[in-house]
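Trainee: Next up is a structure, given as structure tokens.
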Amino acid sequence: MLLVISVMVYHRVRAQGRLDKDTIKMKEVELVAQQKKEKLLLKSIAIDSSDLHNHQSETLTGLLSQSSVFIKDYGASMVASPGFRGTAEDQTKTYWNGIPLNSSMYGIQDLNLVPAFLLDGVTINYGGASLAGGSGGFGGSLDLQSDPKNEPYKAEWISTIGSFGEIKNCLGYNYGSDKFWGSTKVYYGSAQNNFPYVNTFQWNNPVQTEQDASMYQNGILQSLGWQLTSKDILKADIWYQNSFRNLPQTMISNDNTEYQKDESLRSVINYTHYALGYNWGLDGSFVKEYLYYYNQLSAINSLSDNERYELKGNFNPEFSLPLSLKTGISDVEETANIQEYEGLKKSNKSGIWADANYQLSKRWIAGLVMRMESINFSASQLAGTGSIAYRALKDDKLDIHINGGRNFNYPNLNDLYWYPGGNPNLQPEHTWFAEAGLSSVIPLKGDNELKAELTAFSNLVDNYIQWTPQGGSYWEAQNLKTVWARGIESAASFSHKWRSSTLLLRGAWQYTPSTDESPISAYDQTVGRQLIYVPIYTAQASAKLNVKKYNFTAEYTYTGMRNTTDIQLPAYSLVNVFIGRSFVMHKLHFDLLAKCNNLFNTSYQAIVWRPMPGRWYEINLRITV
């Protein structure tokens, strides 16, 4: 966005001749300073570009492996959904270029359906920082960006082969000029996923081979941008994707045929007008999703079709005072048609929002985000977060921030209308949250740098939606639970540069108790217990070394013990290593990357009775011209 606005300022200067180069630089400095203020008030972390490079042939699941986002992964060719800070998967929101990706039917986004190749940036917004994009992100949100840079005639091809029949090919082409730019990306991937695993359910723990887990996926992303005038920019993105996944059986069952087809079309168009003292914009988006699910044993042959239309407007004035303000309105229309709904269901969500921050002094900054929304023009829900930050030492050597507020999450269409069990009388879930943190950037001798941060947080969620058995014949959605998710996040990194080499060391640790605080009955034994599939302890570490044209990376992740409805899953650790080499031949730039995943061949289950692969390999070749 900074690049686009900088281009706009440049064209306005050239067209009007009223600003000089120093003024342009001043505008850029103001924009960067504003981004720093927002980051200081609310916690947001951008995924490092080297991580994007190392995981470019994977899905969003692999890309987020080194983040604090816990991923509930059902295994090969199956669903993987995010959830962090001890919250549920549908309480983490995912956006792509401003479009909500969470399904309006079942409330989550499958990360295994998002190729990392499509993404130019990924930002993790924690807690109250998610309110800038929308409501419902109790733990936070994922902001995915596909934003082609103004790099005329850049082409790249990425080809990957790996263990268990993995083949992937991605082709991207950037093109444009000062007035017009665009990007076209196409991709195809398939895998057999026939990996060996240890079956811990059977006597003597035999080694077996995963069956019926094959998958394929293909799609195209088209992005375009126009500099209509010196003050007006028009951008459009359209993403089509199709996938087929055989769904493997669990360790305790292998006598079923089960598969799923997913097809989606996502499109958005954005118009922005810049003027002296303000800018405003309009967004329109359309999403159509198709899902077909077949289960032979359960005699399920289900087809679902849902659509989402959204219109958004924003107005952002500029003040001479140390105040920044962003405002907007939105209206969303959702429709879904599935046999279990007994007909077409519709939902309308409209809202207004404002995001402001004020520089109280050189060291103090205050911020406020407010959002009001209503469903089907009924009573409105209010969400907001207030924040304050103090720069205890200059040059980011010690920053302190505190924020807190309220958020809400509407029931999804399955919760409301699924027959039997859907409950149209459900109330939105809501949470009161608070966060406090310290962060520091310490320059060391030479080109060395040390960063560290520590954050404590608390989420008290009420009206938590839970499906409970009703007389043994079916389950019903009800507002039953109160959940308390709280914890500590810590991270540190050290970077060292010398001559033509760089070294980056990073480590992070999370402590996340998330407990049920409301007994459903006198016999309820879940009160005070950790929620299922939410680990109390997680940790990540990585080491990256670049020596001339070679790069070496080692990644470590630790996932603590997790409760399930029946048993406790043991903790596990995974180590991945990467070795890369870059070279130029006949004006072509080559990047060759070899990866070994799960280096120590760890046998583990992320979800009970769902096996995960042991050691496996990938070779990735990227050619850029």
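Convention: chains lettered A, B, ... in structure tokens order; per-chain residue numbering from 1; ligands numbered from 1 as shown.
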Can you pull out every residue from range 355-572 of chain A that DSSP, working from the backbone, puts in alpha helix (DSSP H), and format the result as an MDAnalysis selection string?
Mentor: chainID A and resid 413:417
Trainee: Which of range 412-621 of chain A counts as strand (DSSP E) under DSSP, as an NGL selection string please?
Mentor: :A and (429-443 or 449-470 or 474-498 or 501-511 or 514-516 or 537-547 or 550-559 or 562-563 or 568-569 or 572-585 or 588-597 or 616-621)
Trainee: Find the residues near Asn409 in chain A: any atom within 12 Å, counting only C-alpha atoms, skip ones fewer than 3 places away on the same chain, and give them as JSON, numbers by chain.
Mentor: {"A": [87, 88, 89, 90, 91, 92, 93, 104, 107, 131, 134, 135, 136, 137, 138, 139, 349, 373, 374, 375, 381, 382, 383, 406, 412, 426, 427, 428, 429, 430, 431, 461, 462, 463, 464, 465]}
Trainee: Set the distance at 8 Å and use only C-alpha atoms: which residues neighbour range 476-493 of chain A once local chain neighbours fewer than 4 positions away are removed? I'd like the list as a ChimeraX atom specification.
Mentor: /A:85-87,415-416,420-423,426-427,429,450-470,504-520
Trainee: Restricting the calculation to only C-alpha atoms: of A:Gln211, A:Leu221, A:Ser380, A:Gln192, which residue gets closest to Tyr173 in chain A?
Mentor: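 Counting only C-alpha atoms, the residue closest to Tyr173 in chain A is A:Leu221.
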Trainee: So that I can see what lies close to Tyr259 in chain A, please list as a list in words the residues with an atom at most 6 Å from it, counting only C-alpha atoms and leaving out residues fewer than 6 positions away in the same chain.
Mentor: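 Non-adjacent residues within range: Arg245, Asn246, Leu247 and Tyr294 of chain A.
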